[in-house]
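Written below as structure tokens is the structure these notes are about.
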Amino acid sequence: MQATLIPPGPEVGFDLGGSDESLARMREYGAKYGDIYRVFAPARGVYNIVINHPDDVRRVLLSNHRNYTKGEGMDRVKILLGNGIMTSEGDFWRRQRRMMQPSFHRRIIDRFATLIGTVNDKFSERWADKARRGEPVNITDDTSELTLEIVLQSIFGTDLARLEKQLGENPFEVVAKEPNRDLKFAFRFRSLTRLVADLIARRRAEPEEHFDFLAMLMATSDRDTGAPMGDKEMIDEVLTLIVAGHETTASSLTWTWYLLSRHPEVAATLQNAVDQTPPGNATSLDAALAAGFAHQVLQESLRLYPPGWLFTRRTLEADELGGFPIAPRTDVFICPYLLHRHRGFWDDPEAFRPQRFESVDVEERHRFAYIPFSVGPRHCIGENIAMFEMLVHLTTMSRRFELARSDDAPLEMEAQINLRLRSNLMMMVKTR
């Protein structure tokens with residue numbers, strides 16, 4: 001252990017994660033200082049550590065994960081989501097995760113196939129109407145609306161339509177229609193807790209059979225004590241599922257259409273692959289994965305533009321990373337966007353090449369060089385349903401339409417809580 005050494009880093013301080021400039025700074029620092037460096041954070045008066053080697057990522061997120069808690073920036077997320085599994089820690093997090101995990105088993109996710117297919121068919125008709133009119137499709141807005149509709153129906157089931165009829169609108173639409181994730185949005189979103197609490201109370205007062213995530217949360221219990229999940233905890237988990245289940249999936253689909261528009265040869269290969277599979281909506285995740293190239297396209301899109309572009313963890317006790325001692329209560333930053341472009345583990349990393357996810361290449365690659373859904377005990381609980389949604393959407397629309405950018409205007413990337421396009425992606429659709 002090189003106890004007398006400290007990681008290299010810039011002399012000028014910068015608060016990583018606090019602005020759009022963070023990604024550019026991290027790219028610059030990584031090129032100059034390598035796979036581990038430190039950056040002074042003026043706002044907290046401490047040094048943060050950035051790691052970009054899969055071995056160190058594995059240590060932080062898996063092999064020594066109990067020495068790490070959530071790090072810098074989580075307080076802001078807690079204001080929005082409360083103490084759900086995205087923000088909670090320790091024994092409480094383990095209890096909540098353990099109770100929720102069975103609801104995300106593949107056999108449960110498969111039961112949402114009809115819902116996912118029906119919503120995509122609805123948007124397919126919308127796109128067909130746009131094609132007939134010669135009007136562009138706002139891909140950013142449509143993927144946002146589509147994924148929000150799926151996530152809300154998967155959580156609330158038939159209660160969602162009842163709420164819309166009762167209130168005259170979908171009260172959760174603010175999630176898709178308000179792009180800013182500031183305190184004003186957090187206040188509006190948290191005000192929805194009363195609606196969720198009322199739904200829970202109504203279901204208890206008027207028992208009937210439901211198949212949705214809310215019903216599963218209400219039915220779950222702690223395996224050690226037999227105690228059910230408390231209402232406050234349940235509400236925080238519901239709000240977490242709404243935000244996390246919507247934004248990352250919508251962003252991933254937008255990036256995928258953007259990449260396909262820039263690589264028509266890949267789009268053509270995708271259409272050929274989709275045409276080889278039986279028509280109709282997939283009845284299971286395995287059936288959706290049968291269009292293998294579509295899965296590779298999504299994996300490559302997630303490699304280049306992972307929505308969760310920055311993870312943070314904070315040490316509890318001292319550790320060692322990259323051969324350097326790391327002090328207790330040090331924030332460690334992991335940037336999947338840059339990790340996925342590491343030239344030591346990816347050939348031609350800036351290129352969009354879905355074939356790199358063919359089985360032979362995957363087997364030879366470092367397992368922790370690709371972490372779009374994170375890894376270890378805190379990997380994304382909704383990975384399977386997110387992939388199912390994206391596969392059904394991509395295959396449904398590719399089977400029916402050809403898409404092309406409606407203009408050649410350059411699009412900028414925005415790296416805030418999620419990685420997304422700063423302006424709307426507009427595309428022309430043509431019925432095949």
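In the structure tokens, chains take letters A, B, ... by order of appearance, with residues numbered from 1 within each chain and ligands from 1 in the order shown.
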
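In the backbone-derived DSSP annotation, strand (DSSP E) within region 219-363 of chain A comprises Phe311, Thr312, Arg313, Arg314, Thr315, Asp319, Glu320, Leu321, Phe324, Pro325, Ile326, Asp331, Val332, Phe333 and Ile334 of chain A.
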
Contacts of Ser221 (chain A) at 10 Å (only C-alpha atoms; same-chain gap of 2+ positions) as an MDAnalysis selection string: chainID A and resid 95:96 98:100 216:219 223:230

Resulting file, chosen residues, C-alpha atoms, as an mmCIF file, in the first residue's frame:
```cif
data_model
loop_
_atom_site.group_PDB
_atom_site.id
_atom_site.type_symbol
_atom_site.label_atom_id
_atom_site.label_comp_id
_atom_site.auth_asym_id
_atom_site.auth_seq_id
_atom_site.Cartn_x
_atom_site.Cartn_y
_atom_site.Cartn_z
ATOM 1 C CA ARG A 95 -35.415 -4.462 4.280
ATOM 2 C CA GLN A 96 -37.162 -2.419 1.584
ATOM 3 C CA ARG A 98 -35.811 -7.457 0.025
ATOM 4 C CA MET A 99 -39.559 -6.829 0.160
ATOM 5 C CA MET A 100 -39.675 -5.274 -3.322
ATOM 6 C CA MET A 216 -47.744 -5.989 -4.672
ATOM 7 C CA LEU A 217 -46.302 -3.393 -2.279
ATOM 8 C CA MET A 218 -49.466 -3.534 -0.167
ATOM 9 C CA ALA A 219 -49.260 -7.337 -0.016
ATOM 10 C CA ARG A 223 -39.698 -12.026 5.919
ATOM 11 C CA ASP A 224 -38.141 -11.785 9.397
ATOM 12 C CA THR A 225 -40.884 -9.981 11.308
ATOM 13 C CA GLY A 226 -43.939 -10.485 9.120
ATOM 14 C CA ALA A 227 -44.646 -6.748 9.327
ATOM 15 C CA PRO A 228 -46.126 -5.080 6.217
ATOM 16 C CA MET A 229 -44.516 -2.108 4.511
ATOM 17 C CA GLY A 230 -45.588 1.126 6.204
#
```

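The shortest atom-to-atom distance to Pro328 (chain A), with only C-alpha atoms taken into account, belongs to A:Thr69 out of A:Thr248, A:Ser19, A:Asn138, A:Thr69.
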
Given only C-alpha atoms as the basis, pick out the residue of A:His393, A:Arg400, A:Arg422, A:His342 nearest to Asn120 (chain A). A:His393

Pick from A:Glu350, A:Glu317, A:Glu125, A:Glu233, whichever lies nearest to His65 (chain A) using only C-alpha atoms: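 Of all the options, A:Glu317 lies closest to His65 (chain A).
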
Compile the contact shell of Pro325 (chain A) as a PyMOL selection string: residues with an atom at most 12 Å away, counting only C-alpha atoms, same-chain residues fewer than 2 positions apart removed. chain A and resi 1-7+36-38+49+315+317-323+327-328+330

Restrict the selected residues to N, CA and C atoms and save them as a CSV table (one decimal), in the first residue's frame.
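result.csv was written with the following content:
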```
chain,number,residue,atom,x,y,z
A,1,MET,N,0.8,-1.2,0.0
A,1,MET,CA,0.0,0.0,0.0
A,1,MET,C,0.9,1.2,0.0
A,2,GLN,N,0.6,2.2,-0.9
A,2,GLN,CA,1.5,3.4,-1.1
A,2,GLN,C,0.9,4.5,-0.1
A,3,ALA,N,1.1,4.3,1.2
A,3,ALA,CA,0.4,5.1,2.2
A,3,ALA,C,0.9,6.6,2.1
A,4,THR,N,2.0,6.9,1.5
A,4,THR,CA,2.5,8.3,1.5
A,4,THR,C,2.0,9.0,0.3
A,5,LEU,N,1.4,8.3,-0.6
A,5,LEU,CA,1.0,8.9,-1.9
A,5,LEU,C,-0.5,9.4,-1.9
A,6,ILE,N,-0.7,10.4,-2.7
A,6,ILE,CA,-2.1,10.8,-2.9
A,6,ILE,C,-2.4,10.8,-4.5
A,7,PRO,N,-3.6,10.6,-4.9
A,7,PRO,CA,-3.9,10.6,-6.3
A,7,PRO,C,-3.6,12.0,-6.9
A,36,ILE,N,-7.6,7.3,-11.9
A,36,ILE,CA,-7.9,7.8,-10.5
A,36,ILE,C,-7.3,9.2,-10.3
A,37,TYR,N,-8.1,10.1,-9.9
A,37,TYR,CA,-7.6,11.4,-9.6
A,37,TYR,C,-8.4,12.1,-8.5
A,38,ARG,N,-7.9,13.2,-7.9
A,38,ARG,CA,-8.7,13.9,-6.9
A,38,ARG,C,-9.0,15.3,-7.4
A,49,ILE,N,-12.8,12.0,-5.0
A,49,ILE,CA,-12.0,11.0,-5.8
A,49,ILE,C,-12.8,10.6,-6.9
A,315,THR,N,-17.1,6.8,1.5
A,315,THR,CA,-16.5,5.8,2.3
A,315,THR,C,-17.0,5.9,3.8
A,317,GLU,N,-15.3,3.8,6.2
A,317,GLU,CA,-13.9,3.6,6.7
A,317,GLU,C,-12.9,3.8,5.6
A,318,ALA,N,-11.6,3.8,6.0
A,318,ALA,CA,-10.6,4.0,5.0
A,318,ALA,C,-10.6,2.8,4.0
A,319,ASP,N,-10.1,3.1,2.8
A,319,ASP,CA,-10.1,2.0,1.8
A,319,ASP,C,-8.9,2.3,0.9
A,320,GLU,N,-8.7,1.5,-0.1
A,320,GLU,CA,-7.6,1.7,-1.1
A,320,GLU,C,-8.1,1.5,-2.4
A,321,LEU,N,-7.9,2.4,-3.3
A,321,LEU,CA,-8.4,2.4,-4.7
A,321,LEU,C,-7.2,2.8,-5.6
A,322,GLY,N,-7.0,2.0,-6.7
A,322,GLY,CA,-6.0,2.4,-7.6
A,322,GLY,C,-4.6,2.4,-7.0
A,323,GLY,N,-4.4,1.8,-5.8
A,323,GLY,CA,-3.1,1.8,-5.2
A,323,GLY,C,-2.9,3.0,-4.2
A,327,ALA,N,-9.4,8.1,2.4
A,327,ALA,CA,-9.8,8.4,3.8
A,327,ALA,C,-11.3,8.1,4.0
A,328,PRO,N,-11.7,7.9,5.3
A,328,PRO,CA,-13.1,7.8,5.6
A,328,PRO,C,-13.8,9.1,5.2
A,330,THR,N,-14.9,10.1,2.4
A,330,THR,CA,-14.5,10.6,1.1
A,330,THR,C,-15.5,10.3,0.0
```

Contacts of region 86-90 of chain A at 9 Å (only C-alpha atoms; same-chain gap of 6+ positions) as a PDB file with N, CA and C atoms, in the first residue's frame:
```pdb
ATOM      1  N   ARG A  66     -20.114  -2.660   1.375  1.00  0.00           N
ATOM      2  CA  ARG A  66     -20.602  -2.327   2.720  1.00  0.00           C
ATOM      3  C   ARG A  66     -19.813  -1.182   3.345  1.00  0.00           C
ATOM      4  N   THR A  69     -21.602   4.317   1.408  1.00  0.00           N
ATOM      5  CA  THR A  69     -22.986   4.765   1.388  1.00  0.00           C
ATOM      6  C   THR A  69     -23.172   5.649   0.162  1.00  0.00           C
ATOM      7  N   LYS A  70     -24.403   6.096  -0.048  1.00  0.00           N
ATOM      8  CA  LYS A  70     -24.648   7.048  -1.132  1.00  0.00           C
ATOM      9  C   LYS A  70     -23.863   8.326  -0.870  1.00  0.00           C
ATOM     10  N   MET A  74     -27.009  13.264  -3.098  1.00  0.00           N
ATOM     11  CA  MET A  74     -28.184  12.467  -2.745  1.00  0.00           C
ATOM     12  C   MET A  74     -29.203  13.263  -1.932  1.00  0.00           C
ATOM     13  N   ASP A  75     -28.756  14.294  -1.229  1.00  0.00           N
ATOM     14  CA  ASP A  75     -29.703  15.107  -0.448  1.00  0.00           C
ATOM     15  C   ASP A  75     -30.743  15.761  -1.358  1.00  0.00           C
ATOM     16  N   VAL A  77     -31.792  14.607  -4.219  1.00  0.00           N
ATOM     17  CA  VAL A  77     -32.695  13.567  -4.710  1.00  0.00           C
ATOM     18  C   VAL A  77     -33.696  13.176  -3.627  1.00  0.00           C
ATOM     19  N   LYS A  78     -33.256  13.193  -2.369  1.00  0.00           N
ATOM     20  CA  LYS A  78     -34.159  12.847  -1.264  1.00  0.00           C
ATOM     21  C   LYS A  78     -35.311  13.826  -1.152  1.00  0.00           C
ATOM     22  N   GLN A  96     -36.289  -2.853   2.672  1.00  0.00           N
ATOM     23  CA  GLN A  96     -37.162  -2.419   1.584  1.00  0.00           C
ATOM     24  C   GLN A  96     -36.842  -3.157   0.289  1.00  0.00           C
ATOM     25  N   GLU A 237     -41.678   4.659  -2.088  1.00  0.00           N
ATOM     26  CA  GLU A 237     -41.284   3.691  -3.121  1.00  0.00           C
ATOM     27  C   GLU A 237     -42.086   3.909  -4.400  1.00  0.00           C
ATOM     28  N   THR A 240     -40.662   6.897  -6.144  1.00  0.00           N
ATOM     29  CA  THR A 240     -39.365   6.522  -6.720  1.00  0.00           C
ATOM     30  C   THR A 240     -39.556   5.747  -8.015  1.00  0.00           C
ATOM     31  N   ALA A 244     -37.937   7.185 -11.440  1.00  0.00           N
ATOM     32  CA  ALA A 244     -36.848   6.358 -11.957  1.00  0.00           C
ATOM     33  C   ALA A 244     -37.304   5.488 -13.119  1.00  0.00           C
ATOM     34  N   ARG A 378     -26.875  -2.811  -5.243  1.00  0.00           N
ATOM     35  CA  ARG A 378     -27.738  -1.662  -5.511  1.00  0.00           C
ATOM     36  C   ARG A 378     -27.948  -1.439  -7.007  1.00  0.00           C
ATOM     37  N   CYS A 380     -29.928  -1.447 -10.516  1.00  0.00           N
ATOM     38  CA  CYS A 380     -31.302  -0.989 -10.750  1.00  0.00           C
ATOM     39  C   CYS A 380     -32.292  -2.139 -10.643  1.00  0.00           C
TER      40      CYS A 380
END
```

What's the 10 Å shell around Leu411 (chain A), counting only C-alpha atoms, without same-chain residues fewer than 3 positions away, as a ChimeraX atom specification? /A:258,408,414,421-425

8 Å contact set for region 164-175 of chain A, only C-alpha atoms, chain neighbours under 4 positions out, as a PyMOL selection string: chain A and resi 148+160+179+189+192+243

Out of region 228-328 of chain A, which residues get alpha helix (DSSP H) from DSSP, as a ChimeraX atom specification? /A:231-262,264-275,285-289,292-304

Using only C-alpha atoms for the distances, tell me which of A:Val50, A:Glu28, A:Leu80, A:Ala288 is nearest to Asp182 (chain A).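 With only C-alpha atoms as the atom set, the closest residue is A:Leu80.
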
Pairwise distance, CA of Pro279 (chain A) with CA of Ser301 (chain A), equals 24.2 Å
